[in-house]
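Below is query.cif, which holds mmCIF, C-alpha atoms.
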```cif
data_input
loop_
_atom_site.label_atom_id
_atom_site.label_comp_id
_atom_site.auth_asym_id
_atom_site.auth_seq_id
_atom_site.Cartn_x
_atom_site.Cartn_y
_atom_site.Cartn_z
CA MET A 1 82.08 95.80 136.75
CA LYS A 2 79.23 97.76 135.27
CA ASP A 3 81.00 97.93 131.91
CA GLN A 4 81.66 94.21 131.98
CA GLU A 5 77.96 93.51 132.55
CA MET A 6 76.81 95.47 129.50
CA THR A 7 74.98 93.33 126.99
CA VAL A 8 75.66 93.18 123.26
CA VAL A 9 72.57 95.30 122.61
CA GLU A 10 73.80 97.96 125.04
CA HIS A 11 77.22 98.03 123.35
CA LEU A 12 75.58 98.41 119.94
CA THR A 13 73.34 101.16 121.27
CA GLU A 14 76.35 103.03 122.63
CA LEU A 15 78.19 102.55 119.33
CA ARG A 16 75.20 103.94 117.41
CA LYS A 17 75.06 107.02 119.65
CA ARG A 18 78.74 107.72 119.15
CA ILE A 19 78.46 107.28 115.38
CA ILE A 20 75.55 109.74 115.35
CA TRP A 21 77.62 112.25 117.31
CA VAL A 22 80.51 111.94 114.86
CA LEU A 23 78.23 112.26 111.83
CA ALA A 24 76.56 115.34 113.34
CA VAL A 25 79.93 117.01 113.91
CA PHE A 26 81.02 116.06 110.40
CA ILE A 27 77.91 117.64 108.84
CA VAL A 28 78.51 120.90 110.72
CA ALA A 29 82.22 120.79 109.79
CA LEU A 30 81.27 120.11 106.17
CA ILE A 31 79.15 123.27 106.11
CA VAL A 32 82.04 125.24 107.60
CA GLY A 33 84.38 123.70 105.05
CA PHE A 34 82.11 124.74 102.20
CA PHE A 35 82.34 128.39 103.29
CA LEU A 36 86.12 128.09 103.62
CA ALA A 37 86.51 126.32 100.27
CA GLY A 38 86.59 129.54 98.22
CA PRO A 39 89.49 131.20 100.10
CA LEU A 40 91.37 127.89 100.29
CA VAL A 41 91.06 127.28 96.55
CA ASP A 42 92.26 130.83 95.83
CA TYR A 43 95.22 130.31 98.18
CA LEU A 44 96.18 127.00 96.56
CA LYS A 45 95.94 128.52 93.08
CA GLN A 46 98.28 131.38 94.09
CA GLU A 47 100.89 129.07 95.65
CA PRO A 48 104.22 128.76 93.75
CA ILE A 49 103.35 125.10 93.17
CA ALA A 50 100.54 126.10 90.83
CA ASP A 51 102.29 129.20 89.48
CA GLY A 52 102.56 129.11 85.71
CA VAL A 53 100.21 126.13 85.40
CA PRO A 54 97.09 127.16 83.46
CA ILE A 55 94.01 125.77 85.20
CA VAL A 56 90.80 125.72 83.21
CA SER A 57 87.29 124.44 83.74
CA LEU A 58 86.36 121.59 81.41
CA HIS A 59 82.85 120.96 82.72
CA PRO A 60 80.11 123.17 84.20
CA SER A 61 80.20 121.19 87.46
CA ASP A 62 84.00 121.28 87.89
CA ALA A 63 83.96 124.27 90.27
CA LEU A 64 81.26 122.72 92.45
CA ARG A 65 83.16 119.42 92.48
CA VAL A 66 86.32 121.15 93.73
CA TYR A 67 84.35 123.07 96.36
CA MET A 68 82.85 119.81 97.64
CA GLN A 69 86.25 118.08 97.70
CA VAL A 70 87.82 120.90 99.71
CA ALA A 71 84.82 121.07 102.03
CA PHE A 72 84.99 117.31 102.60
CA ILE A 73 88.68 117.43 103.50
CA VAL A 74 88.18 120.40 105.85
CA GLY A 75 85.26 118.59 107.44
CA ALA A 76 87.30 115.41 107.85
CA VAL A 77 90.20 117.27 109.48
CA ILE A 78 87.87 119.05 111.91
CA THR A 79 85.99 115.83 112.72
CA LEU A 80 89.12 113.70 113.18
CA PRO A 81 89.76 114.54 116.87
CA VAL A 82 86.07 114.08 117.70
CA ALA A 83 85.98 110.69 115.95
CA LEU A 84 89.16 109.55 117.71
CA TYR A 85 87.78 110.66 121.05
CA HIS A 86 84.60 108.65 120.59
CA VAL A 87 86.59 105.62 119.48
CA TRP A 88 88.65 105.97 122.66
CA ARG A 89 85.51 106.32 124.80
CA PHE A 90 84.01 103.21 123.22
CA VAL A 91 87.04 100.97 123.83
CA SER A 92 88.22 102.55 127.12
CA PRO A 93 85.93 100.49 129.41
CA GLY A 94 88.02 97.44 128.59
CA MET A 95 91.28 99.19 129.55
CA GLU A 96 93.10 99.58 132.82
CA VAL A 97 93.25 103.00 134.45
CA GLN A 98 96.85 103.53 133.30
CA GLU A 99 95.96 102.46 129.77
CA LYS A 100 93.06 104.94 129.66
CA ARG A 101 95.29 107.84 130.61
CA GLY A 102 98.06 106.75 128.26
CA THR A 103 95.93 106.21 125.17
CA LEU A 104 94.05 109.50 125.62
CA TYR A 105 97.21 111.41 124.70
CA PHE A 106 97.26 109.68 121.32
CA ILE A 107 94.35 111.80 120.07
CA PRO A 108 96.14 115.20 119.80
CA ALA A 109 99.30 113.45 118.60
CA ALA A 110 97.38 111.68 115.82
CA CYS A 111 95.79 114.95 114.70
CA PHE A 112 99.15 116.70 114.71
CA LEU A 113 100.85 113.99 112.66
CA PHE A 114 97.95 113.92 110.19
CA ILE A 115 98.38 117.63 109.52
CA VAL A 116 102.18 117.26 109.30
CA GLY A 117 101.72 114.44 106.78
CA ILE A 118 99.42 116.58 104.64
CA LEU A 119 101.89 119.47 104.71
CA PHE A 120 104.75 117.12 103.80
CA GLY A 121 102.76 115.71 100.89
CA TYR A 122 101.77 119.16 99.62
CA TYR A 123 105.04 121.07 100.04
CA VAL A 124 107.53 118.26 99.34
CA VAL A 125 106.00 115.47 97.26
CA PHE A 126 103.38 117.26 95.18
CA PRO A 127 105.74 119.94 93.73
CA MET A 128 108.15 117.24 92.55
CA VAL A 129 105.37 115.25 90.94
CA MET A 130 103.88 118.32 89.24
CA GLN A 131 107.26 119.42 87.93
CA PHE A 132 107.90 115.96 86.53
CA MET A 133 104.45 115.68 84.94
CA THR A 134 104.66 119.16 83.46
CA SER A 135 108.08 118.44 81.94
CA ILE A 136 106.75 115.21 80.39
CA THR A 137 103.80 117.12 78.93
CA ALA A 138 106.09 119.82 77.52
CA SER A 139 108.43 117.22 76.01
CA MET A 140 105.48 115.89 74.00
CA GLY A 141 104.81 119.36 72.59
CA ALA A 142 101.50 119.71 74.43
CA ASP A 143 100.35 122.74 76.39
CA PRO A 144 100.05 121.96 80.12
CA ASN A 145 96.45 123.09 80.56
CA TYR A 146 94.84 121.18 83.42
CA GLY A 147 91.18 120.96 84.30
CA ILE A 148 90.54 122.44 87.71
CA ALA A 149 88.74 119.30 88.91
CA GLN A 150 91.52 117.04 87.60
CA TYR A 151 94.25 119.24 89.10
CA PHE A 152 92.78 119.38 92.59
CA GLY A 153 91.70 115.74 92.46
CA PHE A 154 95.24 114.71 91.56
CA MET A 155 96.62 116.92 94.33
CA PHE A 156 94.32 115.45 96.98
CA ASN A 157 95.15 111.91 95.86
CA MET A 158 98.83 112.70 96.36
CA VAL A 159 98.56 114.59 99.65
CA ILE A 160 95.96 112.75 101.74
CA PRO A 161 97.80 109.38 101.73
CA PHE A 162 100.77 111.00 103.47
CA GLY A 163 98.50 112.24 106.23
CA ILE A 164 97.49 108.59 106.74
CA LEU A 165 101.06 107.27 106.49
CA PHE A 166 102.22 109.70 109.18
CA GLN A 167 99.84 107.98 111.62
CA LEU A 168 102.24 105.02 111.81
CA PRO A 169 103.94 106.04 115.11
CA ILE A 170 100.59 106.63 116.80
CA ILE A 171 99.17 103.33 115.58
CA VAL A 172 102.26 101.48 116.78
CA MET A 173 102.14 103.16 120.19
CA PHE A 174 98.45 102.39 120.57
CA LEU A 175 98.92 98.72 119.63
CA THR A 176 101.90 98.50 121.97
CA ARG A 177 99.83 99.97 124.78
CA LEU A 178 97.22 97.28 124.11
CA ARG A 179 100.05 94.69 124.13
CA ILE A 180 99.40 93.60 120.57
CA LEU A 181 102.82 94.80 119.35
CA ASN A 182 106.17 95.22 121.03
CA PRO A 183 109.54 96.69 119.95
CA MET A 184 111.09 93.24 119.47
CA ARG A 185 108.52 92.27 116.87
CA LEU A 186 108.91 95.60 115.10
CA ALA A 187 112.69 95.24 115.01
CA LYS A 188 112.43 91.74 113.55
CA ALA A 189 110.06 93.03 110.85
CA ARG A 190 112.33 95.97 109.97
CA ARG A 191 113.52 94.52 106.63
CA TYR A 192 109.99 93.80 105.45
CA ALA A 193 108.76 97.18 106.66
CA TYR A 194 111.60 98.99 104.88
CA PHE A 195 110.75 97.16 101.66
CA ALA A 196 107.05 98.00 101.94
CA LEU A 197 107.73 101.67 102.70
CA ALA A 198 110.20 101.87 99.80
CA VAL A 199 107.56 100.46 97.46
CA VAL A 200 105.06 103.04 98.73
CA GLY A 201 107.55 105.89 98.30
CA ILE A 202 108.52 104.82 94.78
CA THR A 203 104.86 104.40 93.81
CA LEU A 204 103.85 107.86 95.01
CA THR A 205 106.76 109.73 93.42
CA PRO A 206 108.09 110.24 89.89
CA PRO A 207 110.61 107.69 88.55
CA GLU A 208 113.56 109.82 89.62
CA ILE A 209 116.10 108.83 92.26
CA VAL A 210 116.21 112.18 94.11
CA SER A 211 112.44 112.29 94.51
CA ASP A 212 112.38 108.70 95.70
CA ILE A 213 115.05 109.38 98.32
CA LEU A 214 113.34 112.55 99.59
CA VAL A 215 110.16 110.56 100.25
CA ILE A 216 111.54 107.18 101.33
CA ILE A 217 113.93 108.54 103.98
CA PRO A 218 111.16 110.29 106.02
CA LEU A 219 109.06 107.13 105.83
CA LEU A 220 111.94 105.03 107.14
CA LEU A 221 112.56 107.56 109.90
CA LEU A 222 108.88 107.29 110.82
CA TYR A 223 109.28 103.55 111.22
CA GLU A 224 112.37 103.95 113.39
CA LEU A 225 110.50 106.55 115.45
CA SER A 226 107.69 104.02 115.82
CA ILE A 227 110.13 101.40 117.17
CA TRP A 228 111.59 103.90 119.63
CA LEU A 229 108.15 104.98 120.87
CA SER A 230 107.07 101.35 121.14
CA ARG A 231 110.18 100.67 123.25
CA VAL A 232 109.31 103.59 125.55
CA VAL A 233 105.75 102.33 126.03
CA TYR A 234 106.93 98.74 126.49
CA ARG A 235 109.45 99.67 129.19
CA LYS A 236 106.78 101.64 131.00
CA GLN A 237 104.53 98.59 130.90
CA LEU A 238 107.27 96.43 132.39
CA LYS A 239 107.77 98.91 135.24
CA GLU A 240 104.02 98.97 135.90
CA GLN A 241 103.95 95.18 135.88
CA GLU A 242 106.89 95.00 138.28
CA ALA A 243 105.31 97.54 140.63
CA TRP A 244 102.06 95.58 140.61
CA GLU A 245 103.83 92.33 141.45
CA GLN A 246 105.73 93.98 144.30
CA GLU A 247 102.55 95.47 145.72
CA TYR A 248 100.51 92.28 145.51
CA GLY A 249 103.20 89.83 146.49
CA GLY A 250 104.19 88.60 143.02
CA VAL A 251 100.78 87.20 142.12
CA GLU A 252 100.65 86.48 138.42
CA THR A 253 98.32 88.54 136.24
CA ASN A 254 95.69 87.09 133.98
CA GLU A 255 97.13 88.98 131.04
CA PRO A 256 100.90 88.49 130.82
CA VAL A 257 103.12 91.12 129.26
CA GLN A 258 104.30 90.12 125.80
#
```

Would you kindly transcribe this structure into structure tokens?
Amino acid sequence: MKDQEMTVVEHLTELRKRIIWVLAVFIVALIVGFFLAGPLVDYLKQEPIADGVPIVSLHPSDALRVYMQVAFIVGAVITLPVALYHVWRFVSPGMEVQEKRGTLYFIPAACFLFIVGILFGYYVVFPMVMQFMTSITASMGADPNYGIAQYFGFMFNMVIPFGILFQLPIIVMFLTRLRILNPMRLAKARRYAYFALAVVGITLTPPEIVSDILVIIPLLLLYELSIWLSRVVYRKQLKEQEAWEQEYGGVETNEPVQ
């Protein structure tokens, strides 16, 4: 009742406080990331993916630019669970008790899938793209010398999107928990979702059928996993609804289950 009586100004004040907390954590994580940037860059340069690829500096600020990019990504990864927690705290007053407990588990799962997506992009997609690009460069008779800022910028642009794409099951579960989505709707949209994911996979990979398949299949499996998880959440909601009706004599709820 107290949460329902909060004014718009009080909600905005709470939102501002939570944003300040997230920004403060991000600044601290950014500083930590800057100290870790050197070892991480050395590790990435020694990986077999970059082996045999000459990396040079084309501008005096290239090294600093790479350090800042790595520090930003490290800071974002560290801040992600904190940001998700504050988002959950901000929207949780409008949830039922069961919904609060259920959605809280999404935070570690989202962080885990984000890291898995980054690893998939780096160890599966990025090597194929680099091999393809290097072969194209060699076929033109040019030496594959890459600027360090361009190399790492290209790598981050390839890897980070997969960390976001791997959030699909968590997003679907969260929206199902809020009764915005359900497994029936997801199943009906399967053809359109497959097409969209195939376009994404083809866009992010070289124009070669094996590379396309290696990327598209995991994306399609992610969608099927999302449908299965949505079905699990939806069935749990139906059981909760049935138990509520039995306890309170079948009185209808104000918010029907979709």

Would you write out, as number ranges by chain, every residue that the PyMOL selection byres ((chain A and resi 19-36) around 9) captures in this file? A: 14-18, 37-41, 67-68, 70-80, 82-83, 86

Assuming the chain letters and numbering stay as they are in my file, what does the PyMOL selection byres ((chain A and resi 147) around 10) actually select? List them as a PyMOL selection string. chain A and resi 54-59+62-63+144-146+148-153

Top pick for closest residue to Thr13 of chain A, considering A:Gln241, A:Asp42, A:Phe90, A:Leu222 and counting all atoms listed in the file: A:Phe90

I need the residue set behind the PyMOL selection byres ((chain A and resi 166-173) around 10) for this file; please write it as number ranges by chain. A: 102-103, 105-107, 109-118, 120, 161-165, 174-183, 186, 218-219, 222-234

One number please: atom CA of Ile136 of chain A to atom CA of Pro206 of chain A, in Å, one decimal.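 Between atom CA of Ile136 of chain A and atom CA of Pro206 of chain A the gap is 10.8 Å.
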
Counting all atoms listed in the file, figure out which residue out of A:Leu44, A:Leu64, A:Ala193, A:Ile160 gets nearest to Val125 of chain A.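 Residue with the minimum atom-to-atom distance to Val125 of chain A: A:Ile160.
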
Counting all atoms listed in the file, the option among A:Val87, A:Met184, A:Val210, A:Val215 closest to Phe126 of chain A: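 The closest residue to Phe126 of chain A is A:Val215.
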